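The structure under discussion appears below in the form of C-alpha cells.
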Amino acid sequence: MVGGVTEELDLADIGGFAQATLSFALPQRGPIPNDWENADGLYCVRCGGKRRMSIVRLRWTGNSSQGRADFWADEACPGLFAMTCVQCQLRHTVLVHSGPDGPEIAIFSPERGGFSTPNTPENVRYYLDQAHRAESVGAPSAAVAMYRSAVEMLLFEQGYEEGMLNKKIEALEADPNPRPWRGQIDPDYLDVLKKLGNAAIHPNDGDVERQKALDRSLLIEVRATFEELLETIYERPAKAAARKQKLSEAVESITQP
Ligand SMILES: [Zn+2]
C-alpha cells in the first residue's frame, strides 16, 4: 500500500480493509495519508457499482506496528470508520468488531439499493437490497437466500407466477412464446442460483458446516451472475427501446415537411 494503491482491494472484507488501513500506524494519529483517498473498492449503493473510497478513522485504538493493521488485537476492537464514495460522496459507516472467529467488518449504508440497475423493478430490487444488507454484516447464507428470492420475484414479475421457484423455472423453459431474453441467458444460471438458495435455507442433513461454502468469494460470483441477468433482462431492452425512439423521432423530423 505504501506509495499508493497498486492492487484492487475488497474493502468489504476484513482482510482487504485491514490492508487498506495499514497506514493507520501509531503514532500517526493525524490525517489520513493522501494515498488512501482512492482505496479500492466498495460496492456503493447509490452508484450501483464498485467504487473507490476515501476512508476516515472516527474511532480506533489499533496500530500497525507489527506491519499489519492490527484489528487482530483485542484492544483495537471496536473500530469505527467512514468510507466515502469518491464519485457520489455517499458516506458509509464501517464498524470493525470482534466476531466469534476473529475481527469482522460490518458496513452500513444510509440509502437503500443493494445492487441493481436503473431499470430493475422495485419488487426485485427489494430482495437485492436485503441480500446486500445481509452480506454487509457478514451473513452470507442469509444473503444467498435473499438472492434466491430475488430470482423468484424476477420470474414472477416476468409473468411466471405459478408455484415455487422450481416450477417457475420449468414454466420459463417450457414457455412456447417466451420473452426474447430467454435465449440470451444461460439457463444454468437460474438453476444454480436456485440450488444455492435452497442449500442456504434447507437443513442439508443437519450439517451446518456445509454453509461455509457460501462464503464471500461465492457471493461475488453470485452478484456477477445477477448483474448479467439484470443487464440482459432489463437494461438491454430499455436501451434498445430508447435508441429506437430516438431513431423514429429523427425519421419523423426529416420526413415531415
Ligand atoms: Zn457512489
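The way I read the labels, and the way they are meant: chains A, B, ... in the order of the C-alpha cells, residue 1 as the first residue of every chain, and ligand 1 as the first ligand shown, with later ones counted on from there.
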
Using only C-alpha atoms and all ligand atoms, what are the residues with an atom within 12 Å of ligand 1, set out as an mmCIF file with N, CA and C atoms, in the first residue's frame?
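Final output, saved to out.cif:
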```cif
data_model
loop_
_atom_site.group_PDB
_atom_site.id
_atom_site.type_symbol
_atom_site.label_atom_id
_atom_site.label_comp_id
_atom_site.auth_asym_id
_atom_site.auth_seq_id
_atom_site.Cartn_x
_atom_site.Cartn_y
_atom_site.Cartn_z
ATOM 1 N N GLY A 41 -11.960 -1.203 -3.164
ATOM 2 C CA GLY A 41 -13.141 -0.688 -3.769
ATOM 3 C C GLY A 41 -14.285 -1.280 -2.966
ATOM 4 N N LEU A 42 -15.317 -0.512 -2.842
ATOM 5 C CA LEU A 42 -16.505 -0.953 -2.087
ATOM 6 C C LEU A 42 -17.720 -0.764 -2.975
ATOM 7 N N TYR A 43 -18.668 -1.659 -2.851
ATOM 8 C CA TYR A 43 -19.897 -1.501 -3.605
ATOM 9 C C TYR A 43 -20.658 -0.301 -3.045
ATOM 10 N N CYS A 44 -20.912 0.695 -3.908
ATOM 11 C CA CYS A 44 -21.643 1.889 -3.488
ATOM 12 C C CYS A 44 -23.107 1.727 -3.921
ATOM 13 N N VAL A 45 -24.015 1.798 -2.956
ATOM 14 C CA VAL A 45 -25.420 1.529 -3.299
ATOM 15 C C VAL A 45 -26.006 2.639 -4.160
ATOM 16 N N ARG A 46 -25.464 3.851 -4.065
ATOM 17 C CA ARG A 46 -26.011 4.934 -4.883
ATOM 18 C C ARG A 46 -25.488 4.845 -6.320
ATOM 19 N N CYS A 47 -24.204 4.548 -6.458
ATOM 20 C CA CYS A 47 -23.618 4.448 -7.805
ATOM 21 C C CYS A 47 -24.014 3.140 -8.482
ATOM 22 N N GLY A 48 -24.355 2.134 -7.669
ATOM 23 C CA GLY A 48 -24.723 0.841 -8.254
ATOM 24 C C GLY A 48 -23.521 0.094 -8.793
ATOM 25 N N GLY A 49 -22.379 0.262 -8.177
ATOM 26 C CA GLY A 49 -21.183 -0.458 -8.621
ATOM 27 C C GLY A 49 -20.048 -0.262 -7.625
ATOM 28 N N LYS A 50 -18.971 -0.982 -7.877
ATOM 29 C CA LYS A 50 -17.807 -0.876 -7.000
ATOM 30 C C LYS A 50 -17.103 0.456 -7.273
ATOM 31 N N ARG A 51 -16.804 1.180 -6.227
ATOM 32 C CA ARG A 51 -16.188 2.486 -6.386
ATOM 33 C C ARG A 51 -15.004 2.644 -5.438
ATOM 34 N N ARG A 52 -14.158 3.599 -5.786
ATOM 35 C CA ARG A 52 -13.051 3.931 -4.894
ATOM 36 C C ARG A 52 -13.597 4.738 -3.726
ATOM 37 N N MET A 53 -12.957 4.598 -2.589
ATOM 38 C CA MET A 53 -13.467 5.211 -1.366
ATOM 39 C C MET A 53 -12.357 5.988 -0.661
ATOM 40 N N SER A 54 -12.730 7.100 -0.045
ATOM 41 C CA SER A 54 -11.801 7.708 0.901
ATOM 42 C C SER A 54 -12.213 7.244 2.295
ATOM 43 N N MET A 83 -16.417 5.439 5.170
ATOM 44 C CA MET A 83 -15.890 5.323 3.812
ATOM 45 C C MET A 83 -16.795 6.146 2.904
ATOM 46 N N THR A 84 -16.192 7.105 2.214
ATOM 47 C CA THR A 84 -16.976 7.995 1.354
ATOM 48 C C THR A 84 -16.655 7.718 -0.102
ATOM 49 N N CYS A 85 -17.695 7.494 -0.877
ATOM 50 C CA CYS A 85 -17.534 7.222 -2.306
ATOM 51 C C CYS A 85 -16.945 8.450 -2.988
ATOM 52 N N VAL A 86 -15.851 8.274 -3.713
ATOM 53 C CA VAL A 86 -15.216 9.437 -4.344
ATOM 54 C C VAL A 86 -16.052 9.966 -5.504
ATOM 55 N N GLN A 87 -16.978 9.149 -5.992
ATOM 56 C CA GLN A 87 -17.793 9.606 -7.127
ATOM 57 C C GLN A 87 -19.045 10.361 -6.677
ATOM 58 N N CYS A 88 -19.802 9.771 -5.741
ATOM 59 C CA CYS A 88 -21.094 10.390 -5.382
ATOM 60 C C CYS A 88 -21.116 10.958 -3.968
ATOM 61 N N GLN A 89 -20.031 10.763 -3.228
ATOM 62 C CA GLN A 89 -19.892 11.304 -1.866
ATOM 63 C C GLN A 89 -20.786 10.634 -0.832
ATOM 64 N N LEU A 90 -21.394 9.516 -1.177
ATOM 65 C CA LEU A 90 -22.200 8.796 -0.184
ATOM 66 C C LEU A 90 -21.278 8.245 0.902
ATOM 67 N N ARG A 91 -21.687 8.496 2.150
ATOM 68 C CA ARG A 91 -20.824 8.087 3.261
ATOM 69 C C ARG A 91 -21.350 6.811 3.915
ATOM 70 N N HIS A 92 -20.524 5.797 3.914
ATOM 71 C CA HIS A 92 -20.873 4.522 4.536
ATOM 72 C C HIS A 92 -20.217 4.456 5.915
ATOM 73 N N SER A 109 -25.127 1.432 5.090
ATOM 74 C CA SER A 109 -25.323 2.477 4.096
ATOM 75 C C SER A 109 -26.526 3.324 4.480
ATOM 76 N N PRO A 110 -26.476 4.636 4.239
ATOM 77 C CA PRO A 110 -27.622 5.484 4.552
ATOM 78 C C PRO A 110 -28.734 5.375 3.514
ATOM 79 N N GLU A 111 -28.479 4.657 2.436
ATOM 80 C CA GLU A 111 -29.503 4.568 1.384
ATOM 81 C C GLU A 111 -29.788 3.113 1.049
ATOM 82 N N GLY A 113 -30.700 0.120 -1.628
ATOM 83 C CA GLY A 113 -30.243 -0.078 -3.001
ATOM 84 C C GLY A 113 -29.791 -1.487 -3.269
ATOM 85 N N PHE A 115 -27.439 -4.104 -4.865
ATOM 86 C CA PHE A 115 -27.002 -3.820 -6.200
ATOM 87 C C PHE A 115 -28.187 -4.061 -7.116
#
```

Alpha helix (DSSP H) positions in region 126-249 of chain A, given as a CSV table (one decimal) with N, CA and C atoms, in the first residue's frame:
```
chain,number,residue,atom,x,y,z
A,126,TYR,N,-36.0,-4.9,-4.1
A,126,TYR,CA,-36.2,-5.1,-2.6
A,126,TYR,C,-35.4,-6.3,-2.1
A,127,TYR,N,-35.4,-7.4,-2.8
A,127,TYR,CA,-34.7,-8.6,-2.4
A,127,TYR,C,-33.2,-8.5,-2.6
A,128,LEU,N,-32.8,-7.7,-3.6
A,128,LEU,CA,-31.4,-7.5,-3.8
A,128,LEU,C,-30.8,-6.6,-2.7
A,129,ASP,N,-31.7,-5.7,-2.3
A,129,ASP,CA,-31.3,-4.8,-1.1
A,129,ASP,C,-31.1,-5.6,0.1
A,130,GLN,N,-32.0,-6.5,0.4
A,130,GLN,CA,-31.9,-7.4,1.5
A,130,GLN,C,-30.7,-8.3,1.5
A,131,ALA,N,-30.4,-8.8,0.3
A,131,ALA,CA,-29.2,-9.6,0.1
A,131,ALA,C,-27.9,-8.8,0.4
A,132,HIS,N,-27.9,-7.6,-0.1
A,132,HIS,CA,-26.8,-6.7,0.2
A,132,HIS,C,-26.6,-6.4,1.6
A,133,ARG,N,-27.7,-6.1,2.3
A,133,ARG,CA,-27.6,-5.8,3.7
A,133,ARG,C,-27.1,-7.0,4.5
A,134,ALA,N,-27.6,-8.2,4.2
A,134,ALA,CA,-27.1,-9.4,4.9
A,134,ALA,C,-25.6,-9.6,4.7
A,135,GLU,N,-25.2,-9.4,3.4
A,135,GLU,CA,-23.8,-9.6,3.1
A,135,GLU,C,-22.9,-8.6,3.8
A,136,SER,N,-23.5,-7.4,4.0
A,136,SER,CA,-22.7,-6.3,4.6
A,136,SER,C,-22.4,-6.5,6.0
A,140,PRO,N,-23.5,-14.5,5.0
A,140,PRO,CA,-23.6,-14.9,3.6
A,140,PRO,C,-24.7,-15.9,3.3
A,141,SER,N,-25.0,-16.8,4.3
A,141,SER,CA,-26.1,-17.7,4.0
A,141,SER,C,-27.4,-16.9,3.8
A,142,ALA,N,-27.7,-16.0,4.7
A,142,ALA,CA,-28.9,-15.1,4.6
A,142,ALA,C,-28.9,-14.4,3.3
A,143,ALA,N,-27.7,-13.9,2.8
A,143,ALA,CA,-27.6,-13.2,1.6
A,143,ALA,C,-28.0,-14.1,0.4
A,144,VAL,N,-27.5,-15.3,0.4
A,144,VAL,CA,-27.8,-16.2,-0.7
A,144,VAL,C,-29.3,-16.5,-0.8
A,145,ALA,N,-29.9,-16.7,0.4
A,145,ALA,CA,-31.3,-17.0,0.5
A,145,ALA,C,-32.1,-15.8,-0.1
A,146,MET,N,-31.6,-14.6,0.1
A,146,MET,CA,-32.3,-13.4,-0.5
A,146,MET,C,-32.1,-13.3,-2.0
A,147,TYR,N,-30.9,-13.7,-2.5
A,147,TYR,CA,-30.7,-13.8,-3.9
A,147,TYR,C,-31.6,-14.8,-4.6
A,148,ARG,N,-31.9,-15.9,-3.9
A,148,ARG,CA,-32.8,-16.9,-4.4
A,148,ARG,C,-34.2,-16.2,-4.5
A,149,SER,N,-34.6,-15.5,-3.5
A,149,SER,CA,-35.9,-14.8,-3.5
A,149,SER,C,-36.0,-13.8,-4.6
A,150,ALA,N,-34.8,-13.1,-4.9
A,150,ALA,CA,-34.8,-12.1,-6.0
A,150,ALA,C,-35.0,-12.8,-7.3
A,151,VAL,N,-34.4,-14.0,-7.5
A,151,VAL,CA,-34.7,-14.7,-8.8
A,151,VAL,C,-36.1,-15.1,-8.9
A,152,GLU,N,-36.7,-15.5,-7.8
A,152,GLU,CA,-38.1,-15.9,-7.8
A,152,GLU,C,-39.0,-14.7,-8.2
A,153,MET,N,-38.7,-13.6,-7.6
A,153,MET,CA,-39.5,-12.4,-7.8
A,153,MET,C,-39.3,-11.9,-9.3
A,154,LEU,N,-38.1,-12.0,-9.8
A,154,LEU,CA,-37.8,-11.7,-11.2
A,154,LEU,C,-38.7,-12.5,-12.1
A,155,LEU,N,-38.8,-13.8,-11.9
A,155,LEU,CA,-39.6,-14.6,-12.8
A,155,LEU,C,-41.1,-14.3,-12.6
A,156,PHE,N,-41.5,-14.1,-11.4
A,156,PHE,CA,-42.9,-13.7,-11.1
A,156,PHE,C,-43.2,-12.4,-11.9
A,157,GLU,N,-42.3,-11.5,-11.8
A,157,GLU,CA,-42.5,-10.2,-12.5
A,157,GLU,C,-42.5,-10.3,-14.0
A,165,LEU,N,-40.1,-21.6,-6.9
A,165,LEU,CA,-39.1,-21.2,-7.9
A,165,LEU,C,-38.9,-22.3,-8.9
A,166,ASN,N,-38.8,-23.5,-8.4
A,166,ASN,CA,-38.5,-24.6,-9.4
A,166,ASN,C,-39.6,-24.6,-10.5
A,167,LYS,N,-40.9,-24.5,-10.1
A,167,LYS,CA,-41.9,-24.5,-11.0
A,167,LYS,C,-41.9,-23.3,-12.0
A,168,LYS,N,-41.5,-22.2,-11.5
A,168,LYS,CA,-41.3,-21.0,-12.3
A,168,LYS,C,-40.3,-21.2,-13.4
A,169,ILE,N,-39.1,-21.8,-13.0
A,169,ILE,CA,-38.1,-22.1,-13.9
A,169,ILE,C,-38.5,-23.1,-15.0
A,170,GLU,N,-39.2,-24.1,-14.6
A,170,GLU,CA,-39.8,-25.0,-15.5
A,170,GLU,C,-40.8,-24.4,-16.5
A,171,ALA,N,-41.6,-23.5,-16.0
A,171,ALA,CA,-42.6,-22.8,-16.8
A,171,ALA,C,-41.8,-21.9,-17.8
A,172,LEU,N,-40.7,-21.3,-17.4
A,172,LEU,CA,-39.9,-20.5,-18.3
A,172,LEU,C,-39.4,-21.3,-19.5
A,173,GLU,N,-38.8,-22.5,-19.1
A,173,GLU,CA,-38.2,-23.4,-20.1
A,173,GLU,C,-39.2,-23.9,-21.0
A,174,ALA,N,-40.4,-24.2,-20.5
A,174,ALA,CA,-41.5,-24.8,-21.4
A,174,ALA,C,-42.3,-23.8,-22.1
A,187,PRO,N,-29.4,-21.0,-19.2
A,187,PRO,CA,-30.4,-21.5,-18.3
A,187,PRO,C,-29.9,-22.0,-17.0
A,188,ASP,N,-28.6,-22.4,-17.0
A,188,ASP,CA,-28.0,-22.9,-15.8
A,188,ASP,C,-27.9,-21.9,-14.7
A,189,TYR,N,-27.8,-20.6,-15.1
A,189,TYR,CA,-27.7,-19.5,-14.1
A,189,TYR,C,-28.8,-19.6,-13.1
A,190,LEU,N,-30.1,-19.7,-13.6
A,190,LEU,CA,-31.2,-19.7,-12.7
A,190,LEU,C,-31.2,-20.9,-11.9
A,191,ASP,N,-30.8,-22.0,-12.5
A,191,ASP,CA,-30.8,-23.3,-11.8
A,191,ASP,C,-29.8,-23.3,-10.6
A,192,VAL,N,-28.6,-22.8,-10.9
A,192,VAL,CA,-27.6,-22.7,-9.9
A,192,VAL,C,-28.0,-21.8,-8.8
A,193,LEU,N,-28.6,-20.6,-9.1
A,193,LEU,CA,-29.0,-19.7,-8.0
A,193,LEU,C,-30.1,-20.3,-7.2
A,194,LYS,N,-30.9,-21.1,-7.8
A,194,LYS,CA,-32.0,-21.8,-7.1
A,194,LYS,C,-31.3,-22.8,-6.1
A,195,LYS,N,-30.4,-23.6,-6.6
A,195,LYS,CA,-29.7,-24.7,-5.8
A,195,LYS,C,-29.0,-24.0,-4.6
A,196,LEU,N,-28.3,-23.0,-4.9
A,196,LEU,CA,-27.5,-22.3,-3.8
A,196,LEU,C,-28.5,-21.8,-2.7
A,197,GLY,N,-29.6,-21.2,-3.2
A,197,GLY,CA,-30.6,-20.6,-2.3
A,197,GLY,C,-31.2,-21.7,-1.5
A,198,ASN,N,-31.5,-22.9,-2.1
A,198,ASN,CA,-32.0,-24.0,-1.4
A,198,ASN,C,-31.0,-24.5,-0.3
A,199,ALA,N,-29.8,-24.6,-0.7
A,199,ALA,CA,-28.7,-25.1,0.2
A,199,ALA,C,-28.6,-24.1,1.4
A,200,ALA,N,-28.9,-22.8,1.2
A,200,ALA,CA,-28.8,-21.8,2.3
A,200,ALA,C,-29.9,-22.0,3.3
A,201,ILE,N,-31.1,-22.4,2.8
A,201,ILE,CA,-32.2,-22.4,3.7
A,201,ILE,C,-32.6,-23.8,4.2
A,216,ARG,N,-17.7,-15.4,1.0
A,216,ARG,CA,-17.6,-14.1,0.4
A,216,ARG,C,-17.3,-14.2,-1.1
A,217,SER,N,-16.3,-15.1,-1.4
A,217,SER,CA,-15.9,-15.2,-2.8
A,217,SER,C,-17.1,-15.7,-3.7
A,218,LEU,N,-17.9,-16.6,-3.1
A,218,LEU,CA,-19.0,-17.1,-3.8
A,218,LEU,C,-20.0,-16.0,-4.0
A,219,LEU,N,-20.2,-15.2,-3.0
A,219,LEU,CA,-21.2,-14.1,-3.1
A,219,LEU,C,-20.8,-13.1,-4.3
A,220,ILE,N,-19.5,-12.9,-4.4
A,220,ILE,CA,-19.0,-12.1,-5.5
A,220,ILE,C,-19.4,-12.7,-6.9
A,221,GLU,N,-19.3,-14.0,-7.0
A,221,GLU,CA,-19.7,-14.7,-8.2
A,221,GLU,C,-21.3,-14.6,-8.4
A,222,VAL,N,-22.0,-14.8,-7.3
A,222,VAL,CA,-23.5,-14.7,-7.4
A,222,VAL,C,-23.9,-13.3,-7.9
A,223,ARG,N,-23.2,-12.3,-7.3
A,223,ARG,CA,-23.5,-10.9,-7.7
A,223,ARG,C,-23.2,-10.7,-9.2
A,224,ALA,N,-22.1,-11.2,-9.7
A,224,ALA,CA,-21.7,-11.0,-11.1
A,224,ALA,C,-22.8,-11.7,-12.0
A,225,THR,N,-23.2,-12.9,-11.5
A,225,THR,CA,-24.3,-13.6,-12.3
A,225,THR,C,-25.5,-12.7,-12.4
A,226,PHE,N,-25.9,-12.2,-11.2
A,226,PHE,CA,-27.1,-11.3,-11.2
A,226,PHE,C,-27.0,-10.1,-12.0
A,227,GLU,N,-25.8,-9.5,-12.0
A,227,GLU,CA,-25.6,-8.3,-12.8
A,227,GLU,C,-25.8,-8.6,-14.3
A,228,GLU,N,-25.4,-9.8,-14.7
A,228,GLU,CA,-25.6,-10.2,-16.1
A,228,GLU,C,-27.1,-10.4,-16.4
A,229,LEU,N,-27.8,-11.1,-15.5
A,229,LEU,CA,-29.2,-11.3,-15.6
A,229,LEU,C,-29.9,-9.9,-15.8
A,230,LEU,N,-29.6,-9.0,-14.9
A,230,LEU,CA,-30.3,-7.7,-14.9
A,230,LEU,C,-30.0,-6.9,-16.2
A,236,ARG,N,-30.8,-4.1,-21.5
A,236,ARG,CA,-30.6,-4.1,-22.9
A,236,ARG,C,-31.9,-3.7,-23.6
A,237,PRO,N,-33.1,-4.3,-23.2
A,237,PRO,CA,-34.3,-3.9,-23.9
A,237,PRO,C,-34.6,-2.4,-23.7
A,238,ALA,N,-34.3,-1.9,-22.5
A,238,ALA,CA,-34.6,-0.5,-22.3
A,238,ALA,C,-33.7,0.4,-23.2
A,239,LYS,N,-32.5,0.0,-23.3
A,239,LYS,CA,-31.6,0.8,-24.2
A,239,LYS,C,-32.0,0.7,-25.6
A,240,ALA,N,-32.4,-0.5,-26.0
A,240,ALA,CA,-32.8,-0.7,-27.4
A,240,ALA,C,-34.1,0.1,-27.7
A,241,ALA,N,-35.0,0.2,-26.7
A,241,ALA,CA,-36.3,0.9,-26.9
A,241,ALA,C,-35.9,2.4,-27.0
A,242,ALA,N,-35.0,2.9,-26.2
A,242,ALA,CA,-34.6,4.3,-26.2
A,242,ALA,C,-34.0,4.7,-27.5
A,243,ARG,N,-33.1,3.8,-28.0
A,243,ARG,CA,-32.5,4.0,-29.3
A,243,ARG,C,-33.5,4.1,-30.4
A,244,LYS,N,-34.4,3.1,-30.4
A,244,LYS,CA,-35.4,3.1,-31.4
A,244,LYS,C,-36.3,4.4,-31.5
A,245,GLN,N,-36.6,4.8,-30.3
A,245,GLN,CA,-37.4,6.0,-30.1
A,245,GLN,C,-36.7,7.2,-30.7
A,246,LYS,N,-35.4,7.3,-30.5
A,246,LYS,CA,-34.6,8.4,-31.0
A,246,LYS,C,-34.5,8.4,-32.5
A,247,LEU,N,-34.3,7.1,-33.0
A,247,LEU,CA,-34.2,7.0,-34.5
A,247,LEU,C,-35.6,7.4,-35.1
A,248,SER,N,-36.7,6.9,-34.5
A,248,SER,CA,-38.0,7.2,-35.1
A,248,SER,C,-38.3,8.7,-35.1
A,249,GLU,N,-37.9,9.4,-34.0
A,249,GLU,CA,-38.1,10.8,-34.0
A,249,GLU,C,-37.3,11.5,-35.1
```

Excluding region 8-18 of chain A and its own-chain neighbours fewer than 4 positions away, which residues fall within 8 Å of it when counting only C-alpha atoms? Please give them as a short mmCIF file (atom, residue, chain, number, x, y, z; two decimals) with N, CA and C atoms, in the first residue's frame.
```
data_model
loop_
_atom_site.label_atom_id
_atom_site.label_comp_id
_atom_site.auth_asym_id
_atom_site.auth_seq_id
_atom_site.Cartn_x
_atom_site.Cartn_y
_atom_site.Cartn_z
N LEU A 22 -3.48 -0.10 6.60
CA LEU A 22 -2.13 -0.25 7.16
C LEU A 22 -1.53 1.10 7.54
N ALA A 39 -8.71 4.41 -2.14
CA ALA A 39 -8.64 2.96 -1.91
C ALA A 39 -9.77 2.27 -2.66
N ASP A 40 -9.41 1.24 -3.37
CA ASP A 40 -10.42 0.36 -3.99
C ASP A 40 -10.88 -0.61 -2.95
N GLY A 41 -11.96 -1.20 -3.16
CA GLY A 41 -13.14 -0.69 -3.77
C GLY A 41 -14.28 -1.28 -2.97
N LEU A 42 -15.32 -0.51 -2.84
CA LEU A 42 -16.51 -0.95 -2.09
C LEU A 42 -17.72 -0.76 -2.98
N ARG A 68 1.05 -4.74 10.14
CA ARG A 68 -0.28 -5.02 9.61
C ARG A 68 -1.26 -4.14 10.37
N ALA A 69 -2.41 -3.90 9.79
CA ALA A 69 -3.42 -3.16 10.52
C ALA A 69 -3.90 -4.07 11.64
N ASP A 70 -3.73 -3.60 12.87
CA ASP A 70 -3.83 -4.52 13.98
C ASP A 70 -5.26 -4.69 14.51
N PHE A 71 -6.17 -5.02 13.61
CA PHE A 71 -7.53 -5.30 14.03
C PHE A 71 -7.57 -6.59 14.84
N VAL A 96 -15.68 -2.18 12.71
CA VAL A 96 -14.85 -3.38 12.84
C VAL A 96 -15.02 -3.88 14.27
N PRO A 103 -11.75 -10.73 14.14
CA PRO A 103 -12.39 -9.46 13.80
C PRO A 103 -13.27 -9.59 12.56
N GLU A 104 -14.36 -8.86 12.58
CA GLU A 104 -15.28 -8.86 11.44
C GLU A 104 -15.59 -7.41 11.07
N ILE A 105 -16.08 -7.24 9.86
CA ILE A 105 -16.41 -5.90 9.39
C ILE A 105 -17.90 -5.85 9.05
N ALA A 106 -18.55 -4.76 9.44
CA ALA A 106 -19.95 -4.54 9.09
C ALA A 106 -20.06 -3.16 8.46
N ILE A 107 -20.76 -3.08 7.35
CA ILE A 107 -20.86 -1.82 6.61
C ILE A 107 -22.33 -1.40 6.50
N SER A 136 -23.45 -7.35 3.97
CA SER A 136 -22.69 -6.27 4.59
C SER A 136 -22.39 -6.51 6.05
N ARG A 216 -17.69 -15.37 1.02
CA ARG A 216 -17.64 -14.08 0.36
C ARG A 216 -17.26 -14.18 -1.13
#
```

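Taking CA of Arg112 (chain A) as the reference point, CA of Val124 (chain A) is found at 12.9 Å.
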
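Taking only C-alpha atoms into account, Trp72 (chain A) lies nearest to A:Gly102 out of the set A:Gly159, A:Gly102, A:Leu95, A:Trp60.
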
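Closest to Leu58 (chain A) among A:Phe81, A:Gly183, A:Ala76, A:Thr232 is A:Phe81, based on only C-alpha atoms.
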
Response to the item:
re CA of Leu214 (chain A) and CA of Val94 (chain A): distance 22.6 Å
